[in-house]
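Listing of coords.cif, mmCIF, C-alpha atoms
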data_final
#
loop_
_atom_site.label_atom_id
_atom_site.label_comp_id
_atom_site.auth_asym_id
_atom_site.auth_seq_id
_atom_site.Cartn_x
_atom_site.Cartn_y
_atom_site.Cartn_z
CA MET A 5 21.36 27.69 -13.67
CA THR A 6 18.42 28.64 -11.51
CA THR A 7 17.65 27.22 -8.11
CA THR A 8 14.60 25.42 -9.49
CA ALA A 9 16.68 23.74 -12.19
CA LYS A 10 19.19 22.56 -9.59
CA ARG A 11 16.45 20.96 -7.51
CA LYS A 12 14.92 19.15 -10.49
CA GLY A 13 18.26 17.90 -11.83
CA ALA A 14 20.46 15.13 -10.55
CA ARG A 15 21.10 15.31 -6.85
CA ARG A 16 24.65 16.29 -5.99
CA VAL A 17 26.10 14.67 -2.92
CA ARG A 18 28.69 16.45 -0.83
CA PRO A 19 32.04 14.62 -0.65
CA GLU A 20 31.74 13.81 3.07
CA LYS A 21 28.24 12.39 2.54
CA ALA A 22 29.51 10.39 -0.46
CA ALA A 23 32.19 8.90 1.79
CA GLN A 24 29.59 7.98 4.42
CA LEU A 25 27.39 6.49 1.72
CA ALA A 26 30.25 4.35 0.40
CA GLU A 27 31.13 3.24 3.95
CA ILE A 28 27.55 2.14 4.64
CA GLN A 29 27.39 0.32 1.28
CA ASP A 30 30.63 -1.53 2.04
CA LYS A 31 29.47 -2.55 5.51
CA VAL A 32 26.09 -3.76 4.28
CA ALA A 33 27.71 -5.69 1.41
CA ALA A 34 30.21 -7.37 3.75
CA ALA A 35 27.63 -8.24 6.41
CA LYS A 36 26.05 -11.67 6.68
CA TYR A 37 23.04 -10.20 8.47
CA LEU A 38 21.60 -6.77 9.23
CA PHE A 39 19.12 -5.58 11.84
CA LEU A 40 17.53 -2.16 12.15
CA ALA A 41 16.59 -0.86 15.57
CA ASP A 42 15.10 2.30 17.04
CA TYR A 43 17.60 3.52 19.62
CA THR A 44 15.44 6.36 20.98
CA GLY A 45 16.02 6.78 24.72
CA LEU A 46 19.21 4.72 24.77
CA THR A 47 21.75 6.52 26.95
CA SER A 48 25.38 6.78 25.94
CA GLY A 49 26.36 4.35 28.72
CA ARG A 50 23.89 1.72 27.58
CA THR A 51 24.86 2.30 23.95
CA SER A 52 28.50 1.66 24.87
CA ASP A 53 27.45 -1.45 26.80
CA LEU A 54 25.45 -2.77 23.82
CA ARG A 55 28.29 -2.03 21.40
CA GLY A 56 30.73 -3.87 23.68
CA ARG A 57 28.47 -6.92 23.86
CA LEU A 58 28.00 -6.88 20.09
CA ARG A 59 31.74 -6.56 19.48
CA LYS A 60 32.33 -9.77 21.48
CA ILE A 61 30.17 -11.76 19.03
CA GLY A 62 31.53 -10.15 15.86
CA ALA A 63 28.79 -7.58 15.30
CA ARG A 64 28.71 -3.78 15.15
CA MET A 65 26.12 -1.13 15.79
CA GLN A 66 26.15 2.15 13.90
CA VAL A 67 23.68 5.00 13.96
CA VAL A 68 22.80 5.92 10.39
CA PRO A 69 20.70 8.70 8.94
CA ASN A 70 17.63 7.17 7.28
CA ARG A 71 18.21 9.01 4.01
CA LEU A 72 21.82 7.80 3.73
CA PHE A 73 20.84 4.22 4.55
CA ARG A 74 18.02 4.31 1.99
CA GLU A 75 20.43 5.65 -0.66
CA SER A 76 23.15 3.15 0.22
CA VAL A 77 20.96 0.08 -0.24
CA LYS A 78 19.34 1.26 -3.47
CA VAL A 79 22.18 -0.14 -5.57
CA ALA A 80 22.50 -3.48 -3.80
CA GLY A 81 21.01 -4.50 -0.55
CA PRO A 82 17.78 -5.33 1.19
CA ASP A 83 14.83 -3.02 0.63
CA LEU A 84 14.21 -1.92 4.20
CA GLY A 85 12.90 1.53 3.29
CA ALA A 86 9.51 0.89 4.90
CA PHE A 87 11.20 0.50 8.29
CA LEU A 88 13.23 3.72 8.14
CA LYS A 89 11.14 5.90 10.40
CA GLY A 90 12.46 7.60 13.51
CA SER A 91 15.93 7.12 14.91
CA THR A 92 17.66 4.18 13.26
CA ALA A 93 20.73 2.18 14.19
CA MET A 94 21.94 -0.68 12.06
CA VAL A 95 23.40 -3.76 13.67
CA LEU A 96 25.38 -5.92 11.31
CA GLY A 97 27.93 -8.66 11.45
CA THR A 98 29.49 -11.72 9.92
CA GLY A 99 29.18 -14.11 12.86
CA ASP A 100 26.29 -16.23 14.03
CA VAL A 101 22.96 -14.51 13.35
CA THR A 102 21.23 -16.31 16.24
CA GLU A 103 23.76 -15.02 18.77
CA CYS A 104 23.23 -11.45 17.63
CA ALA A 105 19.43 -11.81 17.64
CA LYS A 106 19.56 -13.34 21.13
CA LEU A 107 21.76 -10.54 22.38
CA LEU A 108 19.46 -7.82 20.97
CA VAL A 109 16.33 -9.48 22.36
CA GLN A 110 17.99 -10.00 25.77
CA PHE A 111 19.20 -6.38 25.87
CA HIS A 112 15.68 -5.23 24.99
CA LYS A 113 14.26 -7.36 27.83
CA GLU A 114 16.72 -5.78 30.27
CA PHE A 115 16.34 -2.13 29.27
CA LYS A 116 13.21 -1.98 27.02
CA MET A 117 15.39 -0.61 24.24
CA PRO A 118 16.49 -0.63 21.47
CA VAL A 119 13.28 -1.58 19.71
CA LEU A 120 13.86 -3.92 16.78
CA LYS A 121 12.31 -2.68 13.54
CA ALA A 122 13.37 -5.25 10.94
CA GLY A 123 16.30 -7.13 9.55
CA ALA A 124 17.78 -8.93 6.59
CA PHE A 125 19.46 -12.32 6.44
CA GLU A 126 20.54 -14.25 3.33
CA GLY A 127 18.63 -11.87 1.06
CA ARG A 128 15.37 -12.22 2.99
CA ILE A 129 13.74 -9.32 4.80
CA LEU A 130 12.83 -10.12 8.40
CA SER A 131 10.18 -8.52 10.55
CA ALA A 132 10.74 -7.87 14.25
CA ALA A 133 8.76 -11.06 14.96
CA ASP A 134 11.11 -13.01 12.66
CA VAL A 135 14.09 -11.71 14.63
CA GLN A 136 12.37 -12.86 17.85
CA THR A 137 11.94 -16.31 16.30
CA ILE A 138 15.59 -16.46 15.24
CA SER A 139 16.62 -15.55 18.78
CA ALA A 140 14.78 -18.64 20.06
CA LEU A 141 16.84 -20.96 17.84
CA PRO A 142 19.93 -22.70 19.21
CA SER A 143 23.26 -21.21 18.20
CA LYS A 144 25.32 -22.64 15.35
CA GLN A 145 27.64 -24.43 17.81
CA VAL A 146 24.72 -26.09 19.60
CA MET A 147 23.20 -27.15 16.27
CA ARG A 148 26.52 -28.69 15.24
CA ALA A 149 26.78 -30.54 18.55
CA ILE A 150 23.25 -31.90 18.09
CA ALA A 151 24.08 -33.04 14.55
CA VAL A 152 27.32 -34.72 15.64
CA GLY A 153 25.54 -36.40 18.56
CA THR A 154 22.83 -37.68 16.24
CA MET A 155 25.40 -39.08 13.82
CA ALA A 156 27.56 -40.54 16.61
CA ALA A 157 24.68 -42.32 18.41
CA PRO A 158 24.47 -45.28 15.98
CA MET A 159 28.26 -45.64 16.00
CA SER A 160 28.42 -45.69 19.80
CA GLY A 161 25.66 -48.30 19.81
CA LEU A 162 27.68 -50.43 17.40
CA VAL A 163 30.77 -50.08 19.60
CA GLY A 164 28.71 -51.24 22.61
CA VAL A 165 27.43 -54.31 20.75
CA LEU A 166 30.94 -55.22 19.56
CA GLN A 167 32.31 -54.81 23.09
CA GLN A 168 29.60 -57.13 24.44
CA LYS A 169 30.43 -59.78 21.81
CA LEU A 170 34.14 -59.49 22.59
CA ALA A 171 33.43 -59.77 26.32
CA SER A 172 31.26 -62.88 25.78
CA ILE A 173 34.09 -64.52 23.77
CA VAL A 174 36.55 -63.72 26.59
CA TYR A 175 34.15 -65.23 29.18
CA LEU A 176 33.70 -68.32 26.98
CA LEU A 177 37.47 -68.81 26.64
CA LYS A 178 37.96 -68.30 30.37
CA ALA A 179 35.24 -70.87 31.17
CA ALA A 180 36.87 -73.34 28.73
CA GLN A 181 40.23 -72.77 30.37
CA GLU A 182 38.80 -73.33 33.85
CA LYS A 183 37.05 -76.51 32.66
CA LYS A 184 40.34 -77.86 31.24
CA GLY A 185 42.08 -76.96 34.49
CA GLN A 186 39.45 -78.90 36.51
CA SER A 187 39.68 -81.92 34.11
CA ALA A 188 43.49 -82.01 34.41
CA ALA A 189 43.28 -81.78 38.24
CA ALA A 190 40.81 -84.67 38.48
#
Would it be possible to restate this file's structure as structure tokens?
Amino acid sequence: MTTTAKRKGARRVRPEKAAQLAEIQDKVAAAKYLFLADYTGLTSGRTSDLRGRLRKIGARMQVVPNRLFRESVKVAGPDLGAFLKGSTAMVLGTGDVTECAKLLVQFHKEFKMPVLKAGAFEGRILSAADVQTISALPSKQVMRAIAVGTMAAPMSGLVGVLQQKLASIVYLLKAAQEKKGQSAAA
């Protein structure tokens, strides 16, 4: 087989690249959300710091070659090929997407890097502006607390009204008792 025929035929992937490809596919498939960022200029110390912060919220950052990422999401995954230019790190996780977006935006404000390129959440492709918007949302815990507070407000109002009615009955009985006591004394 000639060299030209090899190039035109099916692309053979080396075993170590196939393993990396499968690993990326598994991580993307298991992730609830995915962000792509340009990590150019990020020192190893700051990278370690960012990875440590991400680990605390259930997320991971991995530097991926653009070609391998593009190949890994061809089968199943978000079509983020348009954003694969320059150095790319993928940040993915299964926790709260707002926490991760907040962390990335805050880290960028502190150090001016990494630069968010795009993301994917629940099958929808997100621009960098969308990720900024998500970072402004309250976390899942805060949203739950707001919902519970909203549902509990009418119940606490009802409890207050019932307590007032009970207190007025007690005052009425006490006044009746005092009146009987004054009648018996006179």
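Run against this file, the PyMOL selection byres ((chain A and resi 128) around 12) gives back Lys36, Tyr37, Leu38, Phe39, Gly81, Pro82, Asp83, Leu84, Ala122, Gly123, Ala124, Phe125, Glu126, Gly127, Ile129, Leu130, Ser131, Asp134 and Val135 of chain A.
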Practice item. Could you tell me which residues the PyMOL selection byres ((chain A and resi 109) around 9) grabs in this file, written as an MDAnalysis selection string? Key: chainID A and resid 104:108 110:114 118:120 135:136 139
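Closest approach to Lys121 (chain A) from the set A:Ala149, A:Met159, A:Ala35, A:Leu88 is made by A:Leu88, with distances taken over only C-alpha atoms.
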Step by step, work through what the PyMOL selection byres ((chain A and resi 44) around 9) selects in the shown file, and finish by giving those residues as an mmCIF file with C-alpha atoms, in the frame of the given file.
data_model
loop_
_atom_site.group_PDB
_atom_site.id
_atom_site.type_symbol
_atom_site.label_atom_id
_atom_site.label_comp_id
_atom_site.auth_asym_id
_atom_site.auth_seq_id
_atom_site.Cartn_x
_atom_site.Cartn_y
_atom_site.Cartn_z
ATOM 1 C CA ASP A 42 15.100 2.300 17.040
ATOM 2 C CA TYR A 43 17.600 3.520 19.620
ATOM 3 C CA GLY A 45 16.020 6.780 24.720
ATOM 4 C CA LEU A 46 19.210 4.720 24.770
ATOM 5 C CA THR A 47 21.750 6.520 26.950
ATOM 6 C CA GLY A 90 12.460 7.600 13.510
ATOM 7 C CA SER A 91 15.930 7.120 14.910
ATOM 8 C CA THR A 92 17.660 4.180 13.260
ATOM 9 C CA MET A 117 15.390 -0.610 24.240
ATOM 10 C CA PRO A 118 16.490 -0.630 21.470
ATOM 11 C CA VAL A 119 13.280 -1.580 19.710
#
Study note, to complete from the structure: As a check of understanding: the span from CA of Ile28 (chain A) to CA of Ala41 (chain A) is 15.8 Å
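For the pair CA of Arg59 (chain A) and CA of Gly97 (chain A), the separation is 9.1 Å.
Across the model, the gap from CA of Arg71 (chain A) to CA of Pro19 (chain A) is 15.6 Å.
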Exercise for review: In the coordinates of the file, take the point (19.3, 3.5, 3.4) and a cut-off of 9 Å; then, counting all atoms listed in the file, name each qualifying protein, DNA or RNA residue as a list in words.
Suggested key: Leu25, Ile28, Gln29, Val68, Pro69, Asn70, Arg71, Leu72, Phe73, Arg74, Glu75, Ser76, Val77, Lys78, Asp83, Leu84, Gly85 and Leu88 of chain A
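Residues with any atom within 8 Å of Asp100 (chain A), counting all atoms listed in the file and excluding same-chain neighbours fewer than 4 positions away, are A:Ile61, A:Cys104, A:Ser143, A:Lys144.
Minimum distance to Ile138 (chain A) across A:Gln24, A:Glu103, A:Gly153, A:Arg55 (counting all atoms listed in the file) occurs at A:Glu103.
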Each side padded by 8 Å, which centre and which edge lengths in Å (one decimal) define the axis-aligned box around the listed atoms of region 173-177 of chain A? Give them as lines of an AutoDock Vina configuration file.
center_x = 35.6
center_y = -66.3
center_z = 26.5
size_x = 19.8
size_y = 21.1
size_z = 21.4
Practice item. Measuring atom to atom with all atoms listed in the file, identify which of A:Ala179, A:Ala133, A:Leu40, A:Leu58 is nearest to Phe87 (chain A). Key: A:Leu40
